Structure formats: structure tokens, C-alpha cells
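Engineer: Contents are mmCIF, C-alpha atoms; file name coords.cif:
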```cif
data_work
#
loop_
_atom_site.label_atom_id
_atom_site.label_comp_id
_atom_site.auth_asym_id
_atom_site.auth_seq_id
_atom_site.Cartn_x
_atom_site.Cartn_y
_atom_site.Cartn_z
CA MET A 129 6.08 19.88 -9.93
CA LYS A 130 7.08 18.02 -13.07
CA ALA A 131 4.34 17.13 -15.55
CA PHE A 132 3.61 13.48 -16.33
CA THR A 133 3.72 12.82 -20.06
CA PHE A 134 1.60 10.18 -21.76
CA LYS A 135 1.53 9.40 -25.48
CA GLN A 136 -1.54 11.49 -26.31
CA PHE A 137 -1.82 13.91 -23.38
CA GLU A 138 0.11 15.48 -20.53
CA ILE A 139 -0.81 15.69 -16.85
CA GLN A 140 0.19 18.83 -15.00
CA GLN A 141 0.64 18.05 -11.30
CA SER A 142 0.59 19.97 -8.02
CA LYS A 143 1.99 19.35 -4.55
CA ASP A 144 -1.53 20.03 -3.22
CA VAL A 145 -3.25 17.35 -5.33
CA PHE A 146 -2.75 13.61 -5.20
CA ARG A 147 -0.32 12.80 -8.00
CA VAL A 148 -0.44 10.37 -10.91
CA GLY A 149 -0.17 6.85 -9.50
CA THR A 150 -0.43 3.23 -10.54
CA ASP A 151 -3.96 2.83 -9.11
CA GLY A 152 -5.31 5.55 -11.38
CA VAL A 153 -3.47 4.20 -14.41
CA LEU A 154 -4.85 0.71 -13.82
CA LEU A 155 -8.42 1.89 -13.44
CA GLY A 156 -8.10 4.13 -16.50
CA ALA A 157 -6.83 1.20 -18.55
CA LEU A 158 -9.10 -1.54 -17.19
CA ALA A 159 -12.51 0.01 -16.48
CA ASP A 160 -15.21 -1.19 -18.87
CA ILE A 161 -15.73 1.87 -21.09
CA GLU A 162 -16.67 0.03 -24.30
CA ASN A 163 -20.42 0.71 -24.32
CA ALA A 164 -20.50 3.96 -22.37
CA SER A 165 -21.56 7.27 -23.84
CA ASN A 166 -22.02 9.28 -20.62
CA VAL A 167 -19.33 8.91 -17.94
CA LEU A 168 -18.98 10.35 -14.44
CA GLU A 169 -15.72 10.35 -12.50
CA VAL A 170 -15.95 10.95 -8.75
CA GLY A 171 -12.79 12.53 -7.33
CA THR A 172 -10.81 13.46 -10.42
CA GLY A 173 -7.56 14.58 -8.81
CA THR A 174 -5.48 15.46 -11.88
CA GLY A 175 -8.08 14.17 -14.37
CA LEU A 176 -5.91 11.17 -15.28
CA ILE A 177 -8.62 8.47 -15.28
CA SER A 178 -11.11 10.42 -17.41
CA LEU A 179 -8.37 11.30 -19.89
CA MET A 180 -7.34 7.66 -20.26
CA LEU A 181 -10.96 6.60 -20.69
CA ALA A 182 -11.53 9.37 -23.24
CA GLN A 183 -8.59 8.06 -25.24
CA ARG A 184 -10.06 4.53 -25.11
CA ASN A 185 -13.58 5.56 -26.15
CA SER A 186 -13.78 8.32 -28.75
CA GLN A 187 -17.58 8.62 -28.51
CA ALA A 188 -18.03 9.05 -24.75
CA TYR A 189 -18.62 12.33 -22.91
CA PHE A 190 -17.26 12.90 -19.43
CA LEU A 191 -18.07 14.85 -16.28
CA GLY A 192 -15.53 14.94 -13.48
CA LEU A 193 -16.22 16.04 -9.90
CA ASP A 194 -13.82 16.91 -7.11
CA ILE A 195 -14.50 18.50 -3.73
CA ASN A 196 -10.95 19.90 -3.65
CA GLU A 197 -10.91 23.27 -5.43
CA GLU A 198 -7.24 22.95 -6.31
CA ALA A 199 -7.87 19.53 -7.86
CA ALA A 200 -10.84 20.85 -9.83
CA LYS A 201 -8.68 23.64 -11.26
CA LEU A 202 -5.93 21.19 -12.16
CA THR A 203 -8.39 18.82 -13.81
CA GLN A 204 -9.80 21.71 -15.83
CA LEU A 205 -6.32 22.64 -17.02
CA ASN A 206 -5.47 19.07 -18.01
CA PHE A 207 -8.82 18.59 -19.74
CA GLU A 208 -8.47 21.82 -21.73
CA ASN A 209 -4.96 20.94 -22.86
CA SER A 210 -5.89 17.45 -24.07
CA PRO A 211 -6.98 16.41 -27.57
CA PHE A 212 -10.27 15.22 -26.03
CA HIS A 213 -11.21 18.58 -24.47
CA ALA A 214 -14.52 18.91 -26.37
CA ARG A 215 -15.85 15.80 -24.60
CA LEU A 216 -14.60 16.62 -21.10
CA LYS A 217 -16.21 18.79 -18.41
CA ASN A 218 -15.47 19.08 -14.72
CA ALA A 219 -16.85 20.78 -11.64
CA HIS A 220 -15.74 21.75 -8.15
CA GLN A 221 -18.47 19.72 -6.47
CA ASP A 222 -19.12 17.56 -3.41
CA PHE A 223 -20.49 14.22 -4.62
CA LYS A 224 -22.58 13.92 -1.45
CA THR A 225 -24.68 16.90 -2.57
CA PHE A 226 -24.41 16.40 -6.33
CA GLU A 227 -27.77 16.47 -8.08
CA THR A 228 -28.52 15.88 -11.75
CA LYS A 229 -31.25 14.46 -13.95
CA ASP A 230 -28.58 12.76 -16.07
CA ARG A 231 -27.85 9.07 -15.72
CA PHE A 232 -24.44 7.61 -16.43
CA ASP A 233 -23.35 4.50 -18.33
CA LEU A 234 -20.13 4.40 -16.33
CA ILE A 235 -19.33 5.86 -12.93
CA VAL A 236 -15.68 5.48 -12.06
CA SER A 237 -13.73 6.34 -8.92
CA ASN A 238 -10.38 5.85 -7.25
CA PRO A 239 -11.89 6.74 -3.87
CA PRO A 240 -10.30 7.90 -0.61
CA TYR A 241 -9.37 4.86 1.42
CA PHE A 242 -7.28 5.59 4.51
CA GLU A 243 -9.06 6.04 7.82
CA GLU A 244 -8.46 9.44 9.38
CA SER A 245 -4.94 9.48 10.79
CA GLY A 246 -4.29 13.03 11.92
CA SER A 247 -1.92 13.65 9.01
CA GLU A 248 -2.73 16.69 6.92
CA LYS A 249 -0.98 15.39 3.80
CA ASP A 250 -3.45 14.31 1.13
CA LYS A 251 -6.16 14.62 3.80
CA ILE A 252 -9.11 14.94 1.46
CA ALA A 253 -7.84 12.77 -1.37
CA ARG A 254 -6.48 9.85 0.65
CA GLN A 255 -8.67 9.54 3.74
CA THR A 256 -12.28 8.58 4.31
CA VAL A 257 -13.07 12.04 5.65
CA GLU A 258 -15.15 13.75 2.99
CA LEU A 259 -16.70 10.73 1.26
CA ASN A 260 -17.00 7.27 2.76
CA PHE A 261 -17.67 4.09 0.83
CA ARG A 262 -21.34 3.88 1.85
CA GLN A 263 -22.05 7.39 0.55
CA LEU A 264 -20.12 6.72 -2.65
CA ILE A 265 -21.98 3.49 -3.38
CA SER A 266 -25.48 4.73 -2.55
CA ASN A 267 -25.09 7.90 -4.63
CA ALA A 268 -23.58 5.97 -7.54
CA ALA A 269 -26.49 3.50 -7.47
CA GLU A 270 -28.94 6.38 -7.87
CA LEU A 271 -27.08 7.85 -10.86
CA LEU A 272 -26.43 4.75 -12.97
CA SER A 273 -28.33 4.18 -16.20
CA GLU A 274 -30.28 0.93 -16.65
CA ASN A 275 -27.22 -0.93 -17.94
CA GLY A 276 -24.66 1.32 -16.25
CA ILE A 277 -21.43 0.11 -14.63
CA PHE A 278 -19.88 1.36 -11.39
CA SER A 279 -16.11 0.76 -11.42
CA VAL A 280 -13.67 1.36 -8.54
CA ILE A 281 -10.19 0.49 -7.37
CA ILE A 282 -9.88 -0.12 -3.63
CA PRO A 283 -7.59 -1.89 -1.12
CA VAL A 284 -8.15 -5.63 -0.99
CA GLU A 285 -9.01 -5.38 2.72
CA ALA A 286 -12.07 -3.28 1.89
CA GLY A 287 -13.42 -5.65 -0.73
CA GLU A 288 -15.91 -7.66 1.33
CA VAL A 289 -17.45 -4.56 2.91
CA PHE A 290 -17.67 -2.80 -0.44
CA VAL A 291 -19.44 -5.75 -2.06
CA SER A 292 -21.82 -6.05 0.91
CA VAL A 293 -22.77 -2.37 0.81
CA GLY A 294 -23.21 -2.69 -2.94
CA LYS A 295 -25.80 -5.43 -2.41
CA GLU A 296 -27.63 -3.23 0.09
CA ASN A 297 -27.96 -0.70 -2.73
CA SER A 298 -29.04 -3.28 -5.36
CA LEU A 299 -25.66 -3.27 -7.05
CA HIS A 300 -24.27 -6.68 -7.96
CA LEU A 301 -20.60 -7.49 -8.43
CA ASN A 302 -20.03 -8.44 -12.10
CA ARG A 303 -16.25 -8.24 -12.39
CA LYS A 304 -13.30 -8.54 -9.99
CA ILE A 305 -9.62 -8.01 -10.82
CA ASN A 306 -7.08 -8.97 -8.16
CA ILE A 307 -4.11 -6.60 -8.46
CA ARG A 308 -0.76 -7.94 -7.28
CA GLY A 309 2.16 -5.58 -6.91
CA ILE A 310 4.66 -8.27 -7.77
CA GLU A 311 4.44 -11.86 -8.99
CA ASN A 312 3.58 -14.41 -6.27
CA ALA A 313 2.67 -11.66 -3.78
CA LYS A 314 -0.76 -11.31 -2.21
CA ALA A 315 -3.22 -9.04 -3.97
CA LYS A 316 -3.07 -5.47 -2.64
CA ARG A 317 -5.80 -3.77 -4.69
CA LEU A 318 -9.08 -4.79 -6.26
CA ILE A 319 -10.84 -3.38 -9.28
CA LEU A 320 -14.53 -4.06 -8.73
CA GLU A 321 -17.32 -3.45 -11.23
CA PHE A 322 -20.99 -3.44 -10.33
CA SER A 323 -24.30 -3.14 -12.12
CA SER A 324 -27.98 -3.48 -11.25
CA HIS A 325 -28.01 -6.83 -13.05
CA GLU A 326 -26.91 -10.03 -11.34
CA LYS A 327 -24.45 -11.90 -13.56
CA GLU A 328 -21.75 -14.52 -13.27
CA ILE A 329 -18.73 -12.78 -11.76
CA ARG A 330 -15.75 -12.48 -14.09
CA GLU A 331 -12.62 -12.76 -11.94
CA SER A 332 -9.00 -12.35 -13.06
CA ASP A 333 -5.55 -11.58 -11.71
CA PHE A 334 -3.24 -8.76 -12.74
CA ILE A 335 0.47 -8.48 -11.90
CA ILE A 336 2.18 -5.09 -12.04
CA GLU A 337 5.84 -6.15 -11.68
CA LYS A 338 7.55 -9.44 -12.50
CA SER A 339 10.46 -8.43 -10.25
CA PRO A 340 11.31 -5.24 -8.32
CA ARG A 341 11.19 -2.23 -10.66
CA GLN A 342 10.60 -4.49 -13.67
CA TYR A 343 7.09 -4.18 -15.13
CA SER A 344 5.34 -7.39 -16.07
CA ASP A 345 4.52 -8.18 -19.68
CA GLN A 346 0.87 -7.90 -18.65
CA TYR A 347 1.34 -4.31 -17.44
CA LEU A 348 3.42 -3.31 -20.46
CA GLU A 349 0.80 -4.67 -22.83
CA LEU A 350 -2.06 -2.99 -20.96
CA THR A 351 -0.45 0.46 -20.93
CA LYS A 352 1.39 0.46 -24.26
CA GLU A 353 -1.01 3.02 -25.76
CA PHE A 354 -0.48 5.37 -22.80
CA HIS A 355 2.93 5.15 -21.17
CA VAL A 356 6.09 6.50 -22.74
CA PHE A 357 8.60 3.86 -21.65
CA LYS A 358 12.26 4.81 -21.91
#
```
Have the structure of the file written as C-alpha cells, please.

Structural biologist:
Amino acid sequence: MKAFTFKQFEIQQSKDVFRVGTDGVLLGALADIENASNVLEVGTGTGLISLMLAQRNSQAYFLGLDINEEAAKLTQLNFENSPFHARLKNAHQDFKTFETKDRFDLIVSNPPYFEESGSEKDKIARQTVELNFRQLISNAAELLSENGIFSVIIPVEAGEVFVSVGKENSLHLNRKINIRGIENAKAKRLILEFSSHEKEIRESDFIIEKSPRQYSDQYLELTKEFHVFK
């Protein structure tokens, strides 16, 4: 499968691992990485999100986890071939059983979100089979540092439940970005950021395309340091 080339790194891809997609690019470009020094990514896939975050914060160190062995191998390859390789580690690991004494300033995830459908394609990466939202949230809450941020991108339909489960785990919504695929359309994704501190929620809108197959100025500006636009 053809590699995906960014300005500072390249993503090797595999038919057996969920490919580079807009959700991952958005989270990699929008997650609050500014004050983080120790970052955990849950479900790395190709390693895209950690690589984008490593480009944005030259001081942070990263650990990526993926339950899919093929994905873990692919992440390792992409990490090793990047200019940020000294700050990037990954492991073939189930987050449900992950144990560490470390605490993380940022935990980031583009989690599985389709209910089990019977389809084998992208079964682990795209369905709530191996890791459901409740497990993801409760484990993340345990691993955050005092001022740590938990950042995810999820379908808009799951937003209320995600926020509710966050509260159950003493995580408060601090930031919400409504992602619209095209101008004037309903939001289809949410980027949600939580912390253990209750704050005024910062809410904003983000539009990917201004018309079919025409990126918005907002998207072009956000990704100008990453994408190679032809």
C-alpha cells in the first residue's frame, strides 16, 4: 500500500491496519500538546497522531499502545523512520491491562467507535469490541497527571454519553470542537478534551471542506505544516 507523505515524516501503511484518515489528522493538529512533556496515545494504528504531536512539541516524549500486533509493528517502523524517533516509543499492549507508575500530561485517542457489525474489516480498529468508551475513560482518568488532558475524537452521536461517563470518572469537559464535514452541514465528529479540573468549556466549530473536495481555509491553515498539497 502506498505511503502517505507529510512534510517532515512519512507514514507507511498496511491493508491490515486502519489507514491515515481525516479524524487522525484533525486530532494530531488540534489536541492541546503545548504544556505536555509525557504523552500516551491509545490505539496508535500507523502512529500518525503521535508523529504530528511530536512535530508540534519538540520537548515531549511519547508512548503509543496498540492491541493489534500488525499496527504495533507499523507504528514502530514509522516512529523509527521519523526525525522524532528518539522521543517515540510504542508497545503491542492492551490498554485494558496496561499498568505503569508513570502519569501522563496528555492522553490522546482516536478510539474504536462502530458497534459490532459482523464485518471482519477493521474489526479491532473500528468497532467497540476490544475497548469500549467506559474502559477507555476510566483507565485514562487513572493515568492522567494532576494537570493532564485527555483528548479524543468521536462521532457526534456519542458525545453526551462520553461526557457523562467522564463525569462519573471525575473528568470534566474543558474543550469541545464541533467538526463539520462541509460548510452548513451538521457536525459529524467531536474533539473533546477533559481534565480533573472543572473549567468554563471552550467550544468552537471547525469546517473541513467549503465545498465538495475543496478544503476550507480553516483546514488548510491548520494543516499547512503537515500536508503536502499539490

Engineer: What is the distance, in Å and to one decimal place, between atom CA of Asp144 of chain A and atom CA of Asp222 of chain A?

Structural biologist: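 Interatomic distance here is 17.8 Å.
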
Engineer: So how far away is atom CA of Gly175 of chain A from atom CA of Ala199 of chain A, in Å?

Structural biologist: 8.4 Å

Engineer: Which one is closest to Val148 of chain A: A:Leu234, A:Met180, A:Asn297, A:Ile161? Count only C-alpha atoms.

Structural biologist: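 Closest to Val148 of chain A, using only C-alpha atoms: A:Met180.
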
Engineer: Give as number ranges by chain the residues that the PyMOL selection byres ((chain A and resi 303) around 10) matches when applied to the coordinates above.

Structural biologist: A: 159-160, 279, 300-302, 304-305, 319-323, 327-332

Engineer: Report the distance between atom CA of Ser210 of chain A and atom CA of Leu155 of chain A in Å, rounded to one decimal place.

Structural biologist: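 Atom CA of Ser210 of chain A sits 19.0 Å away from atom CA of Leu155 of chain A.
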
Engineer: Output the residue selection produced by the PyMOL selection byres ((chain A and resi 129-141) around 10) on the file above, formatted as a PyMOL selection string.

Structural biologist: chain A and resi 142-148+173-176+179-180+183+199+202-203+205-207+209-212+351-357

Engineer: May I have the protein, DNA and RNA residues with an atom at most 7 Å from (-9.2, 0.8, -3.4), counting only C-alpha atoms in the file's coordinates, returned as a tab-separated table (two decimals) with C-alpha atoms, in the frame of the given file?

Structural biologist:
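Heads up, here's the output in result-v4.tsv:
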```tsv
chain	number	residue	atom	x	y	z
A	238	ASN	CA	-10.38	5.85	-7.25
A	239	PRO	CA	-11.89	6.74	-3.87
A	241	TYR	CA	-9.37	4.86	1.42
A	280	VAL	CA	-13.67	1.36	-8.54
A	281	ILE	CA	-10.19	0.49	-7.37
A	282	ILE	CA	-9.88	-0.12	-3.63
A	283	PRO	CA	-7.59	-1.89	-1.12
A	284	VAL	CA	-8.15	-5.63	-0.99
A	317	ARG	CA	-5.80	-3.77	-4.69
A	318	LEU	CA	-9.08	-4.79	-6.26
```

Engineer: With distances taken over all atoms listed in the file, which of A:Ile307, A:Val170, A:Leu348, A:Leu181 is nearest to Gln263 of chain A?

Structural biologist: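 Of the candidates, the smallest distance to Gln263 of chain A is held by A:Val170.
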
Engineer: For a quick check of understanding, using only C-alpha atoms, which of A:Pro240, A:Gly171, A:Gly309, A:Arg215 has the smallest distance to Ser186 of chain A?

Structural biologist: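 Counting only C-alpha atoms, the residue closest to Ser186 of chain A is A:Arg215.
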
Engineer: With the PyMOL selection byres ((chain A and resi 221) around 6) as the selection, what would be picked from this file? Answer as a list in words, please.

Structural biologist: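 Evaluating the PyMOL selection byres ((chain A and resi 221) around 6) on these coordinates yields Leu193, Asp194, Ile195, Ala219, His220 and Asp222 of chain A.
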
Engineer: Write out the residues from the selection above, keeping C-alpha atoms, as a PDB file, in the frame of the given file.

Structural biologist:
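That gives us result_12.pdb:
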```
ATOM      1  CA  LEU A 193     -16.220  16.040  -9.900  1.00  0.00           C
ATOM      2  CA  ASP A 194     -13.820  16.910  -7.110  1.00  0.00           C
ATOM      3  CA  ILE A 195     -14.500  18.500  -3.730  1.00  0.00           C
ATOM      4  CA  ALA A 219     -16.850  20.780 -11.640  1.00  0.00           C
ATOM      5  CA  HIS A 220     -15.740  21.750  -8.150  1.00  0.00           C
ATOM      6  CA  ASP A 222     -19.120  17.560  -3.410  1.00  0.00           C
TER       7      ASP A 222
END
```

Engineer: Select, from A:Ala214, A:Ala269, A:Ala188, A:Ile335, the residue with the minimum atom-to-atom distance to Leu154 of chain A, counting all atoms listed in the file.

Structural biologist: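 When distances to Leu154 of chain A are compared using all atoms listed in the file, the smallest one comes from A:Ile335.
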
Engineer: Taking into account only C-alpha atoms, which residue in the set A:Val291, A:Val167, A:Ala313, A:Leu272 is nearest to Gln187 of chain A?

Structural biologist: A:Val167
